[in-house]
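What follows is a short report on a single structure.
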Amino acid sequence: MITKKPINNSKYQKNIVLTNTGRIAFKHILKTIFKDNKEGFILLPSYIGITDREGSGVFDPVQEIGINYNFYRLNNKLSIDFEYLQFKLKKIKVKALLVIHYFGFSKNDMNFLSNYCKENNIILIEDCAHSFNSYFNNKLLGSFGDFSFFSIHKFLSTVNGGILKINNEKFFIEDIPNNEKIKLNTLEVLYKSNIDKISELRCRNYNHLFEKIRDVTWLSPMYGKLPEGIVPMNLPVLIKKRRDFVYFELMKRKIPTISLYYRLIDEISRYEFSEMYYISNNILNLPVHQEIELKDINILSKVLREIKINN
Ligand SMILES: Cc1ncc(COP(=O)(O)O)c(C=O)c1O
């Protein structure tokens, strides 16, 4: 039939929902998965933070929906310990698995993970709150799982914004309330933003900073050189001694940094996941975002070199 103008929106649309935050997107994913029955567990990674001001972007939705949860072990690069995962799967009935691409990096073989979940009848959710435009083997992170979600305000200068992506046609997200939808000004920023340029600048900044700090003896970058396809959220380093001292020294010199996550949720056992507490106590995430200039990185690395770590 010939029509004057297009009349079918749904035909050529991406299967996404634009939300006010990443955690709202995650909440609706959980609601959809556990709608008919709340049986089965969601398996969560054992590195999840919380702050008094912001709560926990990952754990709050799990508690709000009121589902069974359990944690799996990660290695020192924050990627999945598969042996442990298999051990957990034998012990409890897992319905969904959450994988977090920490700081924009993907240290998991996502093809293997997605096949593994399919074979074991587990719904895979990718938390891309830290990874806005990162790829694994030439495929965008966020397109491997049955669902994924993103956090716009962690990459663009907006105060909020989330994206929920459905990759499995079997699932359908029901309409969400207006107050949980993306705000117009966030949508405008998203639409106008040059994501390729922003990604390029983040990579440039990471590489420059990495070269400048790689010989500083008291810190070690968690991931080394930037792998192909990765757009970093920041440059995470581990500082064996006196991380907080370094944080405050930088702060004094007007260089704000963050420690993702300096406090883990209490539900993560200190005994079972002690390595995660080591990371939590020693991590510092250095800024590499698009507004940082090369001269800023030179200042940051100079200041880092001047800091004396004494016992
Ligand atoms: C790994 C991770 N997932 C999800 C979220 C939630 O994102 P948002 O702040 O957009 O709700 C956050 C941040 O809080 C996060 O760090």
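By order of appearance in the structure tokens: chains A, B, ..., then residues from 1 within every chain, and ligands from 1 in the order shown.
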Contacts of chain A with ligand 1 up to 10 Å, shortest pair per row, only C-alpha atoms and all ligand atoms, as JSON lines:
```
{"residue": "A:Thr19", "atom": "CA", "partner": "ligand 1", "partner_atom_place_in_ligand_line": "10 (O)", "distance": 9.0}
{"residue": "A:Asn20", "atom": "CA", "partner": "ligand 1", "partner_atom_place_in_ligand_line": "10 (O)", "distance": 7.6}
{"residue": "A:Thr21", "atom": "CA", "partner": "ligand 1", "partner_atom_place_in_ligand_line": "10 (O)", "distance": 3.9}
{"residue": "A:Gly22", "atom": "CA", "partner": "ligand 1", "partner_atom_place_in_ligand_line": "10 (O)", "distance": 3.4}
{"residue": "A:Arg23", "atom": "CA", "partner": "ligand 1", "partner_atom_place_in_ligand_line": "11 (O)", "distance": 3.8}
{"residue": "A:Ile24", "atom": "CA", "partner": "ligand 1", "partner_atom_place_in_ligand_line": "11 (O)", "distance": 6.4}
{"residue": "A:Ala25", "atom": "CA", "partner": "ligand 1", "partner_atom_place_in_ligand_line": "11 (O)", "distance": 8.0}
{"residue": "A:Phe26", "atom": "CA", "partner": "ligand 1", "partner_atom_place_in_ligand_line": "4 (C)", "distance": 7.7}
{"residue": "A:Lys27", "atom": "CA", "partner": "ligand 1", "partner_atom_place_in_ligand_line": "11 (O)", "distance": 9.8}
{"residue": "A:Pro45", "atom": "CA", "partner": "ligand 1", "partner_atom_place_in_ligand_line": "1 (C)", "distance": 9.9}
{"residue": "A:Tyr47", "atom": "CA", "partner": "ligand 1", "partner_atom_place_in_ligand_line": "1 (C)", "distance": 8.9}
{"residue": "A:Ile48", "atom": "CA", "partner": "ligand 1", "partner_atom_place_in_ligand_line": "1 (C)", "distance": 7.1}
{"residue": "A:Gly49", "atom": "CA", "partner": "ligand 1", "partner_atom_place_in_ligand_line": "16 (O)", "distance": 7.4}
{"residue": "A:Ile50", "atom": "CA", "partner": "ligand 1", "partner_atom_place_in_ligand_line": "14 (O)", "distance": 8.1}
{"residue": "A:Thr51", "atom": "CA", "partner": "ligand 1", "partner_atom_place_in_ligand_line": "14 (O)", "distance": 9.2}
{"residue": "A:Glu54", "atom": "CA", "partner": "ligand 1", "partner_atom_place_in_ligand_line": "14 (O)", "distance": 7.1}
{"residue": "A:Gly55", "atom": "CA", "partner": "ligand 1", "partner_atom_place_in_ligand_line": "14 (O)", "distance": 7.7}
{"residue": "A:Ser56", "atom": "CA", "partner": "ligand 1", "partner_atom_place_in_ligand_line": "14 (O)", "distance": 6.0}
{"residue": "A:Gly57", "atom": "CA", "partner": "ligand 1", "partner_atom_place_in_ligand_line": "6 (C)", "distance": 3.6}
{"residue": "A:Val58", "atom": "CA", "partner": "ligand 1", "partner_atom_place_in_ligand_line": "4 (C)", "distance": 4.8}
{"residue": "A:Phe59", "atom": "CA", "partner": "ligand 1", "partner_atom_place_in_ligand_line": "4 (C)", "distance": 8.5}
{"residue": "A:Asp60", "atom": "CA", "partner": "ligand 1", "partner_atom_place_in_ligand_line": "6 (C)", "distance": 9.2}
{"residue": "A:Pro61", "atom": "CA", "partner": "ligand 1", "partner_atom_place_in_ligand_line": "6 (C)", "distance": 9.3}
{"residue": "A:Val99", "atom": "CA", "partner": "ligand 1", "partner_atom_place_in_ligand_line": "1 (C)", "distance": 9.2}
{"residue": "A:Ile100", "atom": "CA", "partner": "ligand 1", "partner_atom_place_in_ligand_line": "1 (C)", "distance": 6.0}
{"residue": "A:His101", "atom": "CA", "partner": "ligand 1", "partner_atom_place_in_ligand_line": "1 (C)", "distance": 7.5}
{"residue": "A:Tyr102", "atom": "CA", "partner": "ligand 1", "partner_atom_place_in_ligand_line": "1 (C)", "distance": 6.6}
{"residue": "A:Phe103", "atom": "CA", "partner": "ligand 1", "partner_atom_place_in_ligand_line": "1 (C)", "distance": 8.2}
{"residue": "A:Gly104", "atom": "CA", "partner": "ligand 1", "partner_atom_place_in_ligand_line": "1 (C)", "distance": 9.8}
{"residue": "A:Glu126", "atom": "CA", "partner": "ligand 1", "partner_atom_place_in_ligand_line": "3 (N)", "distance": 9.4}
{"residue": "A:Asp127", "atom": "CA", "partner": "ligand 1", "partner_atom_place_in_ligand_line": "3 (N)", "distance": 5.7}
{"residue": "A:Cys128", "atom": "CA", "partner": "ligand 1", "partner_atom_place_in_ligand_line": "3 (N)", "distance": 6.9}
{"residue": "A:Ala129", "atom": "CA", "partner": "ligand 1", "partner_atom_place_in_ligand_line": "3 (N)", "distance": 4.8}
{"residue": "A:His130", "atom": "CA", "partner": "ligand 1", "partner_atom_place_in_ligand_line": "1 (C)", "distance": 6.2}
{"residue": "A:Ser131", "atom": "CA", "partner": "ligand 1", "partner_atom_place_in_ligand_line": "1 (C)", "distance": 9.2}
{"residue": "A:Phe149", "atom": "CA", "partner": "ligand 1", "partner_atom_place_in_ligand_line": "4 (C)", "distance": 8.0}
{"residue": "A:Phe150", "atom": "CA", "partner": "ligand 1", "partner_atom_place_in_ligand_line": "10 (O)", "distance": 7.0}
{"residue": "A:Ser151", "atom": "CA", "partner": "ligand 1", "partner_atom_place_in_ligand_line": "10 (O)", "distance": 4.2}
{"residue": "A:Ile152", "atom": "CA", "partner": "ligand 1", "partner_atom_place_in_ligand_line": "10 (O)", "distance": 6.7}
{"residue": "A:His153", "atom": "CA", "partner": "ligand 1", "partner_atom_place_in_ligand_line": "10 (O)", "distance": 6.6}
{"residue": "A:Lys154", "atom": "CA", "partner": "ligand 1", "partner_atom_place_in_ligand_line": "10 (O)", "distance": 7.3}
{"residue": "A:Val159", "atom": "CA", "partner": "ligand 1", "partner_atom_place_in_ligand_line": "10 (O)", "distance": 9.2}
{"residue": "A:Asn160", "atom": "CA", "partner": "ligand 1", "partner_atom_place_in_ligand_line": "10 (O)", "distance": 6.3}
{"residue": "A:Gly161", "atom": "CA", "partner": "ligand 1", "partner_atom_place_in_ligand_line": "10 (O)", "distance": 6.2}
{"residue": "A:Gly162", "atom": "CA", "partner": "ligand 1", "partner_atom_place_in_ligand_line": "10 (O)", "distance": 5.6}
{"residue": "A:Ile163", "atom": "CA", "partner": "ligand 1", "partner_atom_place_in_ligand_line": "10 (O)", "distance": 8.8}
{"residue": "A:Leu260", "atom": "CA", "partner": "ligand 1", "partner_atom_place_in_ligand_line": "16 (O)", "distance": 7.7}
{"residue": "A:Tyr261", "atom": "CA", "partner": "ligand 1", "partner_atom_place_in_ligand_line": "16 (O)", "distance": 8.3}
```
Nearby residues (only C-alpha atoms) at most 10 Å from Phe112 of chain A, same-chain spacing under 5 positions excluded, as a tab-separated table (two decimals) with N, CA and C atoms, in the first residue's frame:
```tsv
chain	number	residue	atom	x	y	z
A	117	CYS	N	25.51	-19.04	28.99
A	117	CYS	CA	24.23	-18.72	29.63
A	117	CYS	C	23.07	-19.36	28.85
A	118	LYS	N	23.16	-19.29	27.54
A	118	LYS	CA	22.10	-19.92	26.72
A	118	LYS	C	22.01	-21.41	27.02
A	144	PHE	N	25.50	-8.39	23.80
A	144	PHE	CA	25.73	-9.83	24.00
A	144	PHE	C	24.63	-10.47	24.87
```
Legend entry - Atom pair atom CA of Ile230 of chain A / atom CA of His208 of chain A: separation (Å):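 Those two atoms sit 14.9 Å apart.
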Legend entry - Secondary structure check, strand (DSSP E) residues of segment 14-214 of chain A, as a VMD selection string: chain A and resid 16 to 19 41 to 45 68 to 72 94 to 100 123 to 128 135 to 136 139 to 140 147 to 151 162 to 166
Dump as a tab-separated table (two decimals), in the first residue's frame, selection limited to N, CA and C atoms:
```tsv
chain	number	residue	atom	x	y	z
A	16	ILE	N	14.87	-0.32	22.45
A	16	ILE	CA	15.41	0.30	23.66
A	16	ILE	C	14.33	1.12	24.37
A	17	VAL	N	14.57	1.37	25.67
A	17	VAL	CA	13.70	2.26	26.44
A	17	VAL	C	14.63	3.29	27.07
A	18	LEU	N	14.28	4.57	26.92
A	18	LEU	CA	15.13	5.61	27.50
A	18	LEU	C	14.60	5.96	28.88
A	19	THR	N	15.46	5.83	29.88
A	19	THR	CA	15.02	5.97	31.28
A	19	THR	C	15.72	7.15	31.95
A	41	PHE	N	17.44	-17.41	41.45
A	41	PHE	CA	18.33	-16.35	41.95
A	41	PHE	C	18.85	-15.48	40.82
A	42	ILE	N	19.21	-14.26	41.18
A	42	ILE	CA	20.08	-13.49	40.29
A	42	ILE	C	21.48	-13.59	40.88
A	43	LEU	N	22.45	-13.91	40.01
A	43	LEU	CA	23.85	-13.96	40.47
A	43	LEU	C	24.50	-12.63	40.14
A	44	LEU	N	25.10	-12.05	41.17
A	44	LEU	CA	25.71	-10.72	41.02
A	44	LEU	C	27.22	-10.82	41.22
A	45	PRO	N	27.98	-9.93	40.58
A	45	PRO	CA	29.42	-9.92	40.84
A	45	PRO	C	29.69	-9.42	42.26
A	68	ASN	N	15.65	-13.20	45.05
A	68	ASN	CA	16.78	-13.90	45.67
A	68	ASN	C	18.06	-13.54	44.93
A	69	TYR	N	19.10	-13.30	45.69
A	69	TYR	CA	20.38	-12.95	45.05
A	69	TYR	C	21.49	-13.75	45.69
A	70	ASN	N	22.57	-13.85	44.95
A	70	ASN	CA	23.78	-14.45	45.46
A	70	ASN	C	24.94	-13.83	44.68
A	71	PHE	N	26.16	-14.07	45.14
A	71	PHE	CA	27.31	-13.41	44.49
A	71	PHE	C	28.28	-14.42	43.90
A	72	TYR	N	28.95	-14.02	42.85
A	72	TYR	CA	30.00	-14.87	42.29
A	72	TYR	C	31.36	-14.17	42.43
A	94	VAL	N	19.86	-20.71	39.35
A	94	VAL	CA	20.13	-19.35	38.88
A	94	VAL	C	19.25	-19.03	37.66
A	95	LYS	N	18.52	-17.94	37.78
A	95	LYS	CA	17.65	-17.54	36.66
A	95	LYS	C	18.33	-16.47	35.80
A	96	ALA	N	19.07	-15.58	36.46
A	96	ALA	CA	19.70	-14.49	35.71
A	96	ALA	C	21.10	-14.23	36.24
A	97	LEU	N	21.96	-13.76	35.34
A	97	LEU	CA	23.33	-13.43	35.73
A	97	LEU	C	23.64	-12.01	35.28
A	98	LEU	N	24.21	-11.23	36.19
A	98	LEU	CA	24.60	-9.86	35.85
A	98	LEU	C	26.11	-9.81	35.65
A	99	VAL	N	26.52	-9.26	34.51
A	99	VAL	CA	27.96	-9.04	34.31
A	99	VAL	C	28.16	-7.53	34.21
A	100	ILE	N	29.14	-7.03	34.96
A	100	ILE	CA	29.43	-5.58	34.92
A	100	ILE	C	30.73	-5.37	34.14
A	123	ILE	N	19.37	-16.13	32.02
A	123	ILE	CA	19.19	-14.84	31.32
A	123	ILE	C	20.40	-13.95	31.64
A	124	LEU	N	21.05	-13.48	30.60
A	124	LEU	CA	22.27	-12.67	30.80
A	124	LEU	C	21.93	-11.18	30.71
A	125	ILE	N	22.34	-10.44	31.75
A	125	ILE	CA	22.15	-8.98	31.77
A	125	ILE	C	23.52	-8.33	31.79
A	126	GLU	N	23.75	-7.40	30.87
A	126	GLU	CA	25.02	-6.66	30.88
A	126	GLU	C	24.81	-5.29	31.52
A	127	ASP	N	25.59	-5.00	32.53
A	127	ASP	CA	25.58	-3.68	33.15
A	127	ASP	C	26.65	-2.85	32.44
A	128	CYS	N	26.18	-1.94	31.57
A	128	CYS	CA	27.10	-1.09	30.80
A	128	CYS	C	27.14	0.32	31.37
A	135	TYR	N	33.83	-2.09	22.73
A	135	TYR	CA	33.57	-3.27	21.91
A	135	TYR	C	34.36	-4.48	22.42
A	136	PHE	N	33.78	-5.66	22.24
A	136	PHE	CA	34.54	-6.90	22.46
A	136	PHE	C	34.51	-7.64	21.13
A	139	LYS	N	32.24	-6.31	18.48
A	139	LYS	CA	30.80	-6.25	18.76
A	139	LYS	C	30.59	-5.39	20.00
A	140	LEU	N	29.63	-4.48	19.91
A	140	LEU	CA	29.40	-3.50	20.98
A	140	LEU	C	29.01	-4.16	22.29
A	147	PHE	N	19.57	-8.71	27.91
A	147	PHE	CA	19.28	-7.31	28.22
A	147	PHE	C	20.60	-6.60	28.51
A	148	SER	N	20.59	-5.27	28.36
A	148	SER	CA	21.71	-4.49	28.88
A	148	SER	C	21.17	-3.12	29.30
A	149	PHE	N	21.95	-2.43	30.10
A	149	PHE	CA	21.55	-1.05	30.44
A	149	PHE	C	22.77	-0.16	30.58
A	150	PHE	N	22.55	1.13	30.33
A	150	PHE	CA	23.61	2.14	30.27
A	150	PHE	C	23.27	3.33	31.17
A	151	SER	N	24.29	4.09	31.51
A	151	SER	CA	24.10	5.27	32.36
A	151	SER	C	24.69	6.48	31.63
A	162	GLY	N	19.42	7.16	31.41
A	162	GLY	CA	19.74	5.74	31.29
A	162	GLY	C	19.17	5.17	30.01
A	163	ILE	N	19.70	4.04	29.60
A	163	ILE	CA	19.19	3.34	28.41
A	163	ILE	C	19.01	1.87	28.76
A	164	LEU	N	17.84	1.34	28.42
A	164	LEU	CA	17.57	-0.08	28.61
A	164	LEU	C	17.51	-0.70	27.22
A	165	LYS	N	18.27	-1.77	27.01
A	165	LYS	CA	18.31	-2.38	25.68
A	165	LYS	C	17.85	-3.83	25.79
A	166	ILE	N	16.95	-4.21	24.90
A	166	ILE	CA	16.45	-5.60	24.89
A	166	ILE	C	16.99	-6.27	23.62
```
Legend entry - Option closest in space to Asp146 of chain A, from A:Leu30, A:Lys90, A:Ser220, A:Lys107 [counting only C-alpha atoms]: A:Leu30
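Counting only C-alpha atoms and comparing A:Phe132, A:Tyr84, A:Phe273, A:Tyr278, the residue that lies closest to Phe105 of chain A is A:Phe132.
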Inset, instruction - Report the residues of segment 82-167 of chain A whose backbone DSSP state falls under helix (DSSP H, G or I), written as an NGL selection string. - result: :A and (82-91 or 102-104 or 110-119 or 152-154)
Inset, instruction - Mind checking which residues fall within 10 Å of Leu286 of chain A, counting only C-alpha atoms, ignoring those fewer than 3 positions away in the same chain, and posting them as a count of residues only? - result: 18
Legend entry - Coordinates-based distance that separates atom CA of Asn76 of chain A from atom CA of Glu275 of chain A (Å, one decimal): 7.3 Å
